[in-house]
>>> print(open('model-v5.txt').read())   # compact mmCIF, C-alpha atoms
# COMPACT_ATOMS: atom_id res chain seq x y z
CA ASN C 1 -76.71 72.61 -91.68
CA SER C 2 -74.70 75.83 -91.84
CA GLN C 3 -74.35 76.18 -88.06
CA CYS C 4 -70.71 76.16 -86.98
CA ALA C 5 -69.75 73.72 -84.26
CA PHE C 6 -66.53 72.57 -82.65
CA PRO C 7 -65.49 68.96 -83.21
CA GLU C 8 -66.12 66.85 -80.11
CA SER C 9 -62.38 66.62 -79.44
CA MET C 10 -62.11 70.41 -79.46
CA GLU C 11 -65.13 70.86 -77.22
CA GLY C 12 -63.53 68.57 -74.66
CA LEU C 13 -60.39 70.71 -74.63
CA ILE C 14 -61.99 74.14 -74.25
CA ALA C 15 -62.72 73.95 -70.51
CA PRO C 16 -59.31 72.49 -69.49
CA VAL C 17 -57.41 75.04 -71.59
CA TRP C 18 -59.51 77.86 -70.15
CA LEU C 19 -58.93 76.64 -66.61
CA ILE C 20 -55.18 76.23 -67.08
CA THR C 21 -54.81 79.66 -68.69
CA PHE C 22 -56.80 81.60 -66.14
CA GLY C 23 -55.45 79.48 -63.29
CA ALA C 24 -51.91 80.50 -64.26
CA CYS C 25 -52.97 84.15 -64.39
CA VAL C 26 -54.50 83.89 -60.92
CA GLY C 27 -51.26 82.21 -59.81
CA SER C 28 -49.36 85.28 -61.02
CA PHE C 29 -51.60 87.49 -58.87
CA THR C 30 -51.21 85.04 -56.00
CA ASN C 31 -47.46 85.69 -56.06
CA VAL C 32 -48.21 89.40 -55.59
CA VAL C 33 -50.61 88.74 -52.70
CA VAL C 34 -48.18 86.38 -50.95
CA TRP C 35 -45.36 88.94 -51.19
CA ARG C 36 -47.28 92.12 -50.33
CA LEU C 37 -49.99 91.14 -47.86
CA PRO C 38 -47.60 90.17 -45.02
CA ARG C 39 -45.79 93.48 -45.62
CA GLN C 40 -49.10 95.38 -45.39
CA GLU C 41 -48.73 96.69 -48.93
CA SER C 42 -51.52 97.20 -51.46
CA VAL C 43 -51.96 94.18 -53.72
CA VAL C 44 -53.17 96.33 -56.64
CA TYR C 45 -50.98 99.45 -56.54
CA PRO C 46 -48.32 99.98 -57.71
CA GLY C 47 -48.17 97.46 -60.52
CA SER C 48 -45.67 94.61 -60.69
CA HIS C 49 -42.12 95.86 -60.42
CA CYS C 50 -38.63 94.57 -59.69
CA PRO C 51 -38.00 94.72 -55.91
CA ARG C 52 -34.33 95.51 -56.56
CA CYS C 53 -34.30 98.26 -59.20
CA GLY C 54 -37.97 99.32 -58.96
CA HIS C 55 -38.60 99.25 -62.73
CA ALA C 56 -42.13 98.28 -63.74
CA VAL C 57 -42.48 94.84 -65.28
CA ARG C 58 -43.48 95.12 -68.94
CA TRP C 59 -46.77 93.49 -69.85
CA HIS C 60 -45.13 90.89 -72.08
CA ASP C 61 -42.67 90.00 -69.33
CA ASN C 62 -45.56 89.55 -66.90
CA MET C 63 -47.17 86.68 -68.79
CA PRO C 64 -47.44 83.64 -66.51
CA LEU C 65 -44.68 81.07 -67.05
CA LEU C 66 -43.70 82.43 -70.47
CA GLY C 67 -42.44 85.74 -69.08
CA TRP C 68 -40.08 84.03 -66.64
CA LEU C 69 -38.81 81.65 -69.31
CA LEU C 70 -38.24 84.40 -71.89
CA LEU C 71 -36.32 86.44 -69.32
CA ALA C 72 -34.30 83.38 -68.31
CA GLY C 73 -35.24 84.12 -64.71
CA ARG C 74 -33.65 87.59 -64.62
CA CYS C 75 -34.92 91.19 -64.53
CA ARG C 76 -34.76 92.83 -67.96
CA ASP C 77 -33.44 96.09 -66.45
CA CYS C 78 -30.98 95.15 -63.71
CA SER C 79 -30.44 91.41 -64.36
CA ALA C 80 -31.38 90.56 -60.77
CA SER C 81 -32.40 86.94 -60.33
CA ILE C 82 -36.15 86.21 -60.35
CA SER C 83 -37.02 83.36 -58.02
CA TRP C 84 -38.07 80.04 -59.56
CA ARG C 85 -40.97 80.16 -57.11
CA TYR C 86 -42.92 82.50 -59.39
CA PRO C 87 -43.41 80.03 -62.26
CA VAL C 88 -43.87 77.15 -59.81
CA VAL C 89 -46.76 78.94 -58.06
CA GLU C 90 -48.29 79.83 -61.45
CA SER C 91 -48.05 76.20 -62.55
CA LEU C 92 -49.47 74.94 -59.27
CA SER C 93 -52.37 77.38 -59.50
CA ALA C 94 -53.10 76.22 -63.06
CA LEU C 95 -53.16 72.57 -61.95
CA LEU C 96 -55.36 73.34 -58.96
CA TRP C 97 -57.83 75.18 -61.18
CA LEU C 98 -57.83 72.17 -63.50
CA SER C 99 -58.46 69.87 -60.53
CA THR C 100 -61.83 71.54 -59.91
CA MET C 101 -63.13 69.40 -62.77
CA LEU C 102 -62.45 66.29 -60.67
CA VAL C 103 -65.20 67.05 -58.13
CA ARG C 104 -67.37 63.94 -57.89
CA SER C 105 -70.90 63.17 -56.77
CA GLY C 106 -70.99 63.59 -53.01
CA GLY C 107 -68.29 66.26 -53.12
CA GLY C 108 -68.67 69.98 -53.59
CA GLY C 109 -69.98 70.61 -50.09
CA GLY C 110 -73.57 69.86 -51.07
CA VAL C 111 -73.93 72.93 -53.30
CA GLU C 112 -75.80 72.80 -56.60
CA PRO C 113 -74.04 69.96 -58.55
CA SER C 114 -73.97 71.75 -61.89
CA LEU C 115 -72.14 74.68 -60.27
CA GLN C 116 -69.62 72.70 -58.21
CA PRO C 117 -66.63 72.87 -60.61
CA TRP C 118 -67.01 76.65 -60.93
CA ILE C 119 -67.85 77.35 -57.29
CA GLY C 120 -64.66 75.49 -56.35
CA LEU C 121 -62.53 78.08 -58.17
CA PRO C 122 -62.73 80.83 -55.52
CA LEU C 123 -62.10 78.22 -52.83
CA VAL C 124 -58.86 77.03 -54.36
CA GLY C 125 -57.97 80.62 -55.24
CA LEU C 126 -58.11 81.46 -51.52
CA LEU C 127 -56.48 78.32 -50.16
CA LEU C 128 -53.30 78.66 -52.22
CA PRO C 129 -52.19 82.11 -50.91
CA LEU C 130 -53.15 81.08 -47.38
CA VAL C 131 -50.90 78.03 -47.63
CA LEU C 132 -47.97 79.97 -49.06
CA ILE C 133 -48.21 82.80 -46.51
CA ASP C 134 -48.41 80.29 -43.66
CA LEU C 135 -45.34 78.47 -44.98
CA ASP C 136 -43.41 81.74 -45.22
CA HIS C 137 -44.55 83.49 -42.05
CA MET C 138 -46.55 80.98 -39.98
CA TRP C 139 -49.42 83.44 -40.24
CA LEU C 140 -52.88 83.07 -41.76
CA PRO C 141 -54.34 86.48 -42.72
CA GLU C 142 -57.69 86.98 -41.03
CA SER C 143 -58.98 89.00 -43.98
CA LEU C 144 -58.56 86.08 -46.40
CA CYS C 145 -60.11 83.63 -43.94
CA ARG C 146 -63.03 85.97 -43.29
CA TRP C 147 -63.75 86.55 -46.98
CA GLY C 148 -63.33 82.84 -47.65
CA ALA C 149 -65.90 81.95 -45.00
CA LEU C 150 -68.33 84.54 -46.37
CA LEU C 151 -67.97 83.22 -49.92
CA GLY C 152 -68.45 79.66 -48.68
CA LEU C 153 -71.72 80.57 -46.99
CA MET C 154 -72.87 82.42 -50.11
CA ALA C 155 -72.06 79.35 -52.21
CA SER C 156 -73.95 77.07 -49.81
CA VAL C 157 -77.17 78.98 -50.52
CA THR C 158 -77.30 77.23 -53.91
CA GLY C 159 -77.81 73.93 -52.08
CA GLY C 160 -80.91 75.14 -50.24
CA ALA C 161 -81.72 76.10 -46.66
CA PRO C 162 -80.57 72.80 -45.05
CA VAL C 163 -77.13 73.04 -46.67
CA PHE C 164 -76.79 76.69 -45.71
CA ALA C 165 -77.69 75.93 -42.08
CA ASP C 166 -75.26 73.00 -42.00
CA HIS C 167 -72.45 75.20 -43.31
CA MET C 168 -73.25 77.97 -40.85
CA ILE C 169 -73.07 75.50 -37.98
CA GLY C 170 -69.91 73.93 -39.42
CA ALA C 171 -68.14 77.30 -39.54
CA ALA C 172 -69.17 78.24 -36.01
CA LEU C 173 -68.32 74.86 -34.46
CA SER C 174 -64.95 74.72 -36.22
CA LEU C 175 -63.98 78.14 -34.93
CA MET C 176 -65.06 77.41 -31.36
CA ALA C 177 -63.56 73.91 -31.27
CA LEU C 178 -60.11 74.92 -32.48
CA GLU C 179 -59.96 78.07 -30.36
CA THR C 180 -60.84 75.97 -27.30
CA LEU C 181 -58.32 73.30 -28.24
CA SER C 182 -55.65 75.94 -28.78
CA ALA C 183 -56.27 77.44 -25.34
CA LEU C 184 -56.23 74.05 -23.61
CA ALA C 185 -53.08 72.95 -25.44
CA GLU C 186 -51.27 76.18 -24.57
CA LYS C 187 -52.23 75.77 -20.92
CA ALA C 188 -51.06 72.14 -20.85
CA LEU C 189 -47.84 72.59 -22.83
CA GLY C 190 -46.91 76.10 -21.80
CA GLN C 191 -46.64 77.21 -25.42
CA PRO C 192 -49.06 77.67 -28.33
CA ALA C 193 -49.91 74.40 -30.08
CA LEU C 194 -52.34 75.86 -32.59
CA GLY C 195 -52.53 79.40 -33.88
CA LEU C 196 -55.81 81.30 -33.90
CA GLY C 197 -55.33 81.57 -37.65
CA ASP C 198 -55.75 77.79 -37.84
CA ALA C 199 -59.14 78.15 -36.15
CA LYS C 200 -60.19 80.79 -38.67
CA LEU C 201 -59.05 78.60 -41.57
CA ALA C 202 -61.05 75.71 -40.12
CA ALA C 203 -64.08 78.03 -39.94
CA LEU C 204 -63.54 78.81 -43.62
CA GLY C 205 -63.57 75.08 -44.29
CA GLY C 206 -66.76 74.63 -42.27
CA ALA C 207 -68.43 77.34 -44.35
CA TRP C 208 -67.60 75.38 -47.52
CA LEU C 209 -68.04 71.79 -46.32
CA GLY C 210 -70.55 71.70 -43.46
CA VAL C 211 -70.23 69.89 -40.13
CA PHE C 212 -69.38 66.37 -41.31
CA GLY C 213 -67.22 67.67 -44.14
CA ILE C 214 -64.99 69.84 -41.96
CA ALA C 215 -64.75 67.04 -39.37
CA ILE C 216 -63.33 64.70 -42.02
CA ALA C 217 -61.12 67.47 -43.40
CA MET C 218 -59.64 68.09 -39.96
CA ALA C 219 -59.06 64.36 -39.50
CA ILE C 220 -57.11 64.32 -42.78
CA SER C 221 -55.14 67.39 -41.72
CA VAL C 222 -54.22 65.95 -38.32
CA PHE C 223 -53.22 62.61 -39.85
CA SER C 224 -51.11 64.17 -42.63
CA GLY C 225 -49.61 66.74 -40.26
CA ALA C 226 -48.63 64.01 -37.81
CA ILE C 227 -46.88 62.05 -40.55
CA VAL C 228 -44.92 65.06 -41.83
CA GLY C 229 -44.11 66.20 -38.30
CA SER C 230 -42.87 62.75 -37.31
CA ILE C 231 -40.66 62.53 -40.39
CA GLY C 232 -39.31 66.00 -39.62
CA ARG C 233 -38.43 65.03 -36.06
CA LEU C 234 -36.84 61.71 -37.06
CA THR C 235 -34.70 63.33 -39.76
CA GLY C 236 -33.69 66.25 -37.55
CA ARG C 237 -35.37 68.85 -39.75
CA LEU C 238 -37.62 69.74 -36.81
CA LYS C 239 -36.31 70.13 -33.29
CA PRO C 240 -38.28 68.88 -30.27
CA ARG C 241 -41.34 71.11 -29.68
CA GLN C 242 -40.40 73.26 -32.68
CA PRO C 243 -43.64 74.58 -34.23
CA PHE C 244 -44.39 74.21 -37.90
CA PRO C 245 -47.26 75.61 -40.00
CA PHE C 246 -50.45 73.58 -39.75
CA GLY C 247 -52.45 75.67 -42.23
CA PRO C 248 -51.24 73.75 -45.30
CA PHE C 249 -52.57 70.50 -43.83
CA ILE C 250 -55.96 72.06 -43.04
CA ALA C 251 -56.13 73.42 -46.60
CA LEU C 252 -55.20 70.00 -47.99
CA GLY C 253 -58.00 68.37 -45.98
CA ILE C 254 -60.51 70.98 -47.12
CA TRP C 255 -59.66 70.56 -50.79
CA LEU C 256 -59.61 66.74 -50.71
CA VAL C 257 -63.01 66.63 -49.02
CA TRP C 258 -64.36 69.21 -51.48
CA LEU C 259 -63.34 67.00 -54.39
CA LYS C 260 -64.36 63.58 -53.08
CA GLY C 261 -66.89 64.30 -50.35
CA PRO C 262 -66.74 63.29 -46.67
CA ASN C 263 -68.56 59.97 -47.17
CA TRP C 264 -65.94 58.78 -49.67
CA TRP C 265 -63.11 59.53 -47.26
CA TRP C 266 -64.98 57.92 -44.38
CA ASP C 267 -65.42 54.76 -46.47
CA GLN C 268 -61.67 54.69 -47.23
CA TRP C 269 -60.93 55.00 -43.49
CA LEU C 270 -63.25 52.10 -42.70
CA ASN C 271 -61.71 49.99 -45.46
CA ILE C 272 -58.26 50.44 -43.92
CA PHE C 273 -59.46 48.70 -40.78
>>> encode(input="model-v5.txt", output="structure tokens")
Amino acid sequence: NSQCAFPESMEGLIAPVWLITFGACVGSFTNVVVWRLPRQESVVYPGSHCPRCGHAVRWHDNMPLLGWLLLAGRCRDCSASISWRYPVVESLSALLWLSTMLVRSGGGGGVEPSLQPWIGLPLVGLLLPLVLIDLDHMWLPESLCRWGALLGLMASVTGGAPVFADHMIGAALSLMALETLSALAEKALGQPALGLGDAKLAALGGAWLGVFGIAIAMAISVFSGAIVGSIGRLTGRLKPRQPFPFGPFIALGIWLVWLKGPNWWWDQWLNIF
């Protein structure tokens, strides 16, 4: 047989290497989005440049991870320090892309099973910049949430009409529920308890997970947020009634439910009790 074929060990490595490589590249673009979008700058023009001296970043210096290491974390032209956050975000993006392979039966929001690892890529590609922008500015860009919800509904079509309808209802209910909760909490406390961006991010999650899925995701986000908030208050890192970004916890819940499925998480909750 003259047909060329990869050894089985090589075939098993192709997908992870591809995911890590492209995930790191998307992480590099994520750094651009996170820096420019809150400043209302174009994310495509001009190209990457040093914010201090304005010189364009050379293509070989712009390689994810390697560029930062080769430059020793400094601009080639003016020697200004380049934040360690750039390679960290690129590494995190690569790992998140790799994690899409961990989606199990019952996960993936009910979309076509054979497509779940690949359909999860745009979801994680949207969640990461949303988390980072919320951490930096306590703001969740409506444009990213809106496009994320639209992509989620488009992906749900692969699961058939019942899945699409479930995801449509999940997005609508999530938006209405959190907007109502935000209004009631603000009236009771005299200050905002949830941002409207959180409601839009929850709607994005509903578009990807459906009604039961986003309900479990929100339960995870509330539980994890309460733990982190309590630790912050006890250690003095958070002052009484000081707000902190809730978007990262919603994104965490969405991604965990995408990977494992709502039934798996519900079973774990029941096992605890």
>>> atom_distance(input="model-v5.txt", atom1="atom CA of C:Gly106", atom2="atom CA of C:Gly247")
24.6 Å
>>> residues_around(input="model-v5.txt", residues="stretch 91-93 of chain C", least_positions_apart="4", cutoff="12 Å", atoms="all atoms listed in the file", output="PyMOL selection string")
chain C and resi 19-31+64-66+68+84-87+97-100+121-129+131-132
>>> closest_residue(input="model-v5.txt", among="C:Leu144, C:Val157, C:Ile14, C:Leu194", to="C:Leu37", atoms="only C-alpha atoms")
C:Leu144
>>> closest_residue(input="model-v5.txt", among="C:Leu150, C:Ala183, C:Ala155, C:Val17", to="C:Glu112", atoms="all atoms listed in the file")
C:Ala155
>>> residues_around(input="model-v5.txt", residues="stretch 203-209 of chain C", least_positions_apart="5", cutoff="7 Å", atoms="only C-alpha atoms", output="JSON, numbers by chain")
{"C": [109, 145, 148, 149, 152, 153, 156, 167, 168, 170, 171, 172, 174, 175, 214, 254, 258]}
